[in-house]
Amino acid sequence: MILLLIILIPVIASLLLPVVSKYKGVKEFITITASLVVFTLSLKVFTDGANEHFHASWLGEGLDFILTAGLYNSVLLMFGAFFVLAAAVYAVAFLKDKEFSVWFYFNLLLALGFVSGALLSGSLITILFFWESLVVVLYGFIALSSRTSQTKATAMKAFVIEGVAGLCLLLGIAILVGTQGTANLAILASLNIPLQGYAMAAFILMALGAVAKAGSFPFHMWLPDAAKDANLPFMAILPGALDKILGIYFLGLISISVFDISSSVPAQIFLLSLGAITLLLGDIMAALQNDYKKLVTYSTIGQAGYLIIGIGCANPIAFAGAIFHLINHSLYKVCLFFTAGNVEKQTGTTDITKLGGLYKVMPATAFCFVIASLCLLGIVPFNGFFSKELIYKGVMETSWPVIFIIAEIASVFAVFAFLKLAGVFFGKPKGNLKNVHEAPASMTVPAVVLVIICLVFGFGAYLPLEYLVKPMLASLGISVSQPLDGVHFDLTFVVSNLIVICSAAAFFMYAKKKRDLYKGAELITTLPVFASIYKRTERGELDLYNGAMSLTSMSSNGFYIIDRIIDFLIDTLPTWLANVFAGLISRAHRGSYMLYFGWMLIGILSFMAMIYYFEVTP
Amino acid sequence: MRFKHFSMLFYLSVSYSIIEHMDNLSCLWAIVAIPLLGSLLIPVIKRFHSKGDKFFALALGAVTALLAIKLLFLAAGGEVGTLSVSLPLGFNFTLTSDMLSVFMACVSSTISLVILYYSLDYVSHYPHQTEFFTMVVMFLGAMMGLVFTTNLIWLFVFWEITGFCSWRLVGFFRGDRAVLKANKTFLVTVFGALCMLLGFISIYATYGTADLTALKGQSISNYAAILILIGIFTKSATLPFSTWLADAGVAPSPVTALLHAAVLVKIGVFAYAKIFCLSLNIDPKLTFVVLCITGLSALIAGAVALVETDIKRIIAYSTVSQIAFIFLGLGTQTEIGVAGAMLFILMHAVAKGGLFLCAGIIEHRAHTKDITKMGGLFPQMPLTAIAFAFCAFSVMGLPPFGGFFGKYMVLQAAAQYASPVIMLMYILGSVLTILYLLRLFYKVFLGESSVYMPVPEPGVLEAPRTMLVSVVVLGVSSLVLGLLVYYPSQYLYLLTMEMGGLLK
């Protein structure tokens with residue numbers, strides 16, 4: 001019952017919002033209270049040992065409505081609710097005088113309800129139901145950010161991409177459920193379905209759907225546009241946290257519990273290559289950006305790559321790393337988005353080239369930015385280091401250590417991206433900073449709280465690994481023998497740190513030469529290849545979505561012609577033939593007696609011929 | 001107005017109390033006879049009371065819907081009634097209220113009722129109103145007869161009555177173009193129906209009976225099956241007989257909603273379910289061909305909907321592409337596929353009816369059907385826009401709206417039994433569905449505004465009352481049916497159980 005409450009409370013609260021939007025402060029109060037209640041309930045589910053079930057018959061045999069809380073999902077649910085709470089608190093000041101703010105809270109609560117539902121689902125059809133419902137919310141989130149038609153176009157793009165991803169998911173689930181006869185995850189897990197034939201197709205489709213929702217290549221195209229057009233708290237909460245949590249949760253579920261990808265090399269290669277491409281692409285694009293929000297968004301895409309790699313390695317240690325990294329990433333990425341929001345709110349711009357020296361006027365934001373970036377770059381005692389190291393170790397255990405090299409190349413770009421971003425706070429001051437002040441407490445406090453949790457998870461990495469990650473793995477039937485935390489001076493450690501130090505050094509040297517911190521990134525961004533990539537992306541030429549759209553419209557025009565031809569064949573042609581025929585007949589009936597007499601003669605003769613033919617010849 | 005509402009309520013409660021005490025067979029009689037014969041009285045009543053025709057038509061629609069609901073509860077309780085009048089030459093008039101027929105009757109009569117209610121305001125400024133209401137109610141009666149009869153010959157008779165009514169209704173506006181397109185509608189469907197009749201005659205010649213109950217489990221020759229399929233395809237607007245549906249968009253919006261979205265195009269798929277899923281055995285090779293054709297239909301119609309710029313043509317092509325999904329479910333001949341197809345018939349009827357009715361409101365306000373000349377209408381008509389969005393989401397198959405469940409169940413059945421190529425066509429068709437509906441919504445309600453339309457003053461409704469109420473009812477139903485999907489799906493589960501051994 002408590003599980004049903006976790007889903008229903010935010011949904012019902014969201015429906016209340018439009019009614020009470022007249023009264024000042026009520027919508028914020030309801031949103032924060034509802035997310036707090038959900039957080040508390042999920043905490044309770046977790047502390048009670050995560051042993052709750054809800055089962056009701058729904059669509060017929062094998063398609064029941066099932067909710068189950070296990071450790072694996074209840075921990076993630078707890079974090080998800082916590083991020084929603086943080087975003088709700090943050091949005092109070094951020095959206096204070098923006099229009100449509102009530103719809104932001106409305107969508108936020110609906111998203112919380114649907115994400116909770118998807119995380120708690122004990123059946124594939126329930127997951128699909130809640131997850132796909134999120135697409136409508138996503139459209140609402142973006143379309144109701146502002147009045148411009150650009151926003152609406154971005155919303156449409158996001159909707160189409162997520163809708164197609166949803167169809168992949170739907171098809172995968174349909175194939176699996178169709179062949180196995182049940183959507184119940186517990187039963188599916190007990191079947192030990194071998195990963196081949198139809199099962200393989202189902203896995204690939206579901207995995208594609210899951211990574212697409214997590215914002216991976218090639219389904220990431222709407223994210224940078226949304227970063228520009230949508231409200232910042234939306235970016236923080238959905239692409240920053242909930243999308244990833246849900247996508248990676250589901251990917252983990254199907255790779256470990258429903259199927260076992262450790263016995264299937266193609267499945268591993270599929271995930272690893274997808275992860276590697278996403279990682280490289282996201283980080284390169286991040287380094288090329290000149291906009292705070294877009295840079296952070298591209299980095300989000302890149303980080304999804306780590307998570308996919310962590311699962312694709314198909315060994316316990318990498319999986320532990322993926323889960324830990326999922327939590328860590330959400331923590332520091334939401335925090336980074338919040339710092340972007342602070343800068344946007346206080347200075348009115350997020351253009352890196354126009355910002356500098358903000359650390360003096362916005363010290364708390366700058367502090368949060370520094371810590372969160374250090375976490376992201378995986379510097380030794382911060383939380384990102386521990387989770388990344390686990391993933392690296394996992395990669396080294398597989399037969400494709402080349403993934404590690406790709407990850408290291410990507411991290412060079414990540415270093416450049418975030419040092420460039422550091423220019424916003426520590427670069428040369430630009431413009432008049434006298435009127436710029438620190439963001440209000442309701443915006444800095446959520447960021448600081450997230451940073452504190454990051455620090456705890458870094459310096460005390462033992463705690464989350466022992467009390468969250470290990471039990472989560474155990475609930476999926478995976479036990480890890482070796483200790484997960486601690487610093488090991490092995491190859492991956494040395495290489496990854498050396499790379500960070502070297503690229504940082506290169507960055508600073510170049511920045512010194514150029515006399516401004518953010519220009520250090522020009523070391524790579526002015527390279528001809530990258531410069532042209534950046535330009536062409538900005539013009540939308542490398543956008544797969546645009547390509548697919550023009551392909552669709554071309555083929556649609558082709559089909560349109562086919563349709564017209566068919567119409568000609570069933571409408572115009574028969575009409576024409578009938579007219580011609582009727583014309584001929586009518587021409588033969590002009591009222592001339594001679595003509596009629598002639599017809600009669602011909603008729604009589606042909607009758608006689610017929611009678612002769614039938615009566616005489618046999 | 002208030003008195004009118006009161007008298008309607010009084011009348012409804014009286015008829016409800018009568019219907020409540022009727023048994024299965026008298027319900028069956030009544031549900032066919034009341035609208036069919038009652039429609040003939042509409043012009044008579046017009047003589048005595050200037051507005052009587054409208055309200056009498058609405059009352060007939062309401063009674064039909066009540067009877068259908070009553071039959072639904074009876075059928076869910078396991079009561080199957082059969083009523084038979086012996087006539088010579090295979091003309092035995094039989095009506096059977098099995099679960100499939102009752103479901104279909106319920107869907108079509110309730111949607112028709114909403115559409116009749118919408119029409120009260122819509123047609124109020126046009127001539128030939130009496131004919132309009134007569135034809136709509138007669139259509140409804142013929143539909144009921146078609147749904148309940150198990151005799152193929154009578155199926156054909158009712159089939160042709162619906163064709164005749166649709167001919168008059170499509171030609172409601174008497175312009176040259178409207179009459180031309182009405183003729184096209186009539187000729188294409190009559191061509192199909194005559195082919196179908198040949199098929200029926202061939203069945204009668206082979207088995208000596210045209211009764212579907214007696215024919216249960218018999219196999220049918222490919223020749224007869226193809227002839228019947230031609231009839232089904234013309235009525236359900238499937239490739240290559242699909243273009244009349246879009247052309248029939250010259251009709252008034254409630255007509256397009258009734259004929260081309262909610263009820264008439266479902267006749268074909270329903271006949272397919274009744275003939276090939278419930279009774280006769282069709283050659284699996286032919287099923288494969290059917291799935292290929294409908295798959296192409298889904299793909300081509302979806303693509304055309306993306307190119308067209310006339311709002312009603314887009315929605316009409318969307319109907320063509322969605323009908324294909326129903327065929328896909330039925331073609332798999334599995335329990336889940338048939339249940340999904342029937343569920344999608346329900347959801348699609350509600351949602352597509354809603355879309356056409358919204359299009360009617362938009363056309364009323366914008367005085368154009370060209371979507372390139374619209375844009376930014378959201379502030380002018382927020383309720384219509386939201387109803388439109390709900391219906392569109394349902395057609396796209398997004399949860400929590402109703403269409404999702406139908407589409408999912410159909411695709412699950414197809415994933416198991418259809419070949420990957422067919423699946424691919426349908427998946428592309430679904431992608432196109434998302435694209436063209438989103439494009440339509442964007443162009444009409446969002447986007448750059450290009451026609452000037454004043455925002456209605458506070459207190460003034462964005463559309464005449466009955467029109468607005470109807471679209472909101474259909475929009476909300478799309479959502480509510482999704483949330484309460486347990487009840488229809490449970491019914492359909494029983495239905496597929498009843499169909500028994502014929503399904504996989």
# chains A, B, ... in the order shown; residues from 1 in each chain; ligands from 1
$ residues_around --residues "Val190 of chain B" --least-positions-apart "3" --cutoff "12 Å" --atoms "only C-alpha atoms" --output "PyMOL selection string"
chain B and resi 156-157+159-164+166-167+183-187+193-197+230-235+241
$ closest_atom_pairs --of "chain A" --to "chain B" --cutoff "6 Å" --atoms "only C-alpha atoms" --output "CSV"
residue,atom,partner,partner_atom,distance
A:Trp58,CA,B:Tyr486,CA,5.0
A:Leu59,CA,B:Ser489,CA,5.4
A:Phe129,CA,B:Pro399,CA,5.6
A:Glu132,CA,B:Pro399,CA,5.9
A:Ser133,CA,B:Pro399,CA,4.9
A:Ser149,CA,B:Gly447,CA,5.4
A:Ala174,CA,B:Gln412,CA,4.2
A:Ile175,CA,B:Ala415,CA,5.1
A:Gly178,CA,B:Gln412,CA,5.3
A:Ser556,CA,B:Ala303,CA,4.5
A:Phe559,CA,B:Ile300,CA,5.5
A:Tyr560,CA,B:Val304,CA,5.0
A:Asp567,CA,B:Thr243,CA,5.9
$ atom_distance --atom1 "atom CA of Phe388 of chain B" --atom2 "atom CA of Thr151 of chain A"
20.0 Å
$ atom_distance --atom1 "atom CA of Lys54 of chain B" --atom2 "atom CA of Thr130 of chain B"
7.6 Å
$ residues_around --residues "Ile203 of chain B" --least-positions-apart "5" --cutoff "12 Å" --atoms "only C-alpha atoms" --output "PyMOL selection string"
chain B and resi 90+151-153+196-198+208-212+214-215+218-225+227-228+275+280
$ select_by_dssp --residues "segment 226-475 of chain B" --states "alpha helix (DSSP H)" --output "NGL selection string"
:B and (226-235 or 243-247 or 253-257 or 264-272 or 284-307 or 311-331 or 335-366 or 382-396 or 403-417 or 420-445 or 465-475)
$ closest_residue --among "A:Tyr518, A:Ser216, A:Cys368, A:Lys513" --to "Leu355 of chain A" --atoms "only C-alpha atoms"
A:Tyr518
$ atom_distance --atom1 "atom CA of Ala105 of chain B" --atom2 "atom CA of Thr466 of chain B"
23.5 Å
$ residues_around --residues "Thr309 of chain B" --least-positions-apart "6" --cutoff "8 Å" --atoms "only C-alpha atoms" --output "MDAnalysis selection string"
chainID B and resid 370:372
$ write_last_selection --atoms "C-alpha atoms" --output "CSV table (one decimal), in the first residue's frame"
chain,number,residue,atom,x,y,z
B,370,ASP,CA,-5.5,24.6,-44.2
B,371,ILE,CA,-3.0,24.1,-41.3
B,372,THR,CA,-0.4,26.3,-42.9
$ closest_residue --among "B:Met425, B:Val320, B:Leu58, B:Val102" --to "Met143 of chain B" --atoms "only C-alpha atoms"
B:Val102
$ residues_around --residues "Asp64 of chain A" --least-positions-apart "4" --cutoff "9 Å" --atoms "only C-alpha atoms" --output "number ranges by chain"
A: 55-60, 123, 125-126, 182-184
$ residues_around --residues "Val170 of chain B" --least-positions-apart "5" --cutoff "9 Å" --atoms "only C-alpha atoms" --output "list in words"
Cys165, Ala178, Val179, Lys181, Ala182, Asn183, Thr185, Ala248, Gly249, Val250, Ala251, Pro252, Val255, Thr256 and Leu259 of chain B
$ closest_residue --among "A:Ala165, A:Ala372, A:Ala364, A:Leu544" --to "Ile453 of chain A" --atoms "only C-alpha atoms"
A:Ala372
$ closest_residue --among "A:Lys428, A:Phe324, A:Lys393, A:Pro381" --to "Lys514 of chain A" --atoms "only C-alpha atoms"
A:Lys428
$ select_by_dssp --residues "segment 19-247 of chain B" --states "strand (DSSP E or B)" --output "PyMOL selection string"
chain B and resi 82-85+93-96+149+151+211+219
$ residues_around --residues "Leu95 of chain B" --least-positions-apart "5" --cutoff "8 Å" --atoms "only C-alpha atoms" --output "NGL selection string"
:B and (28 or 82-84 or 145 or 148-150)
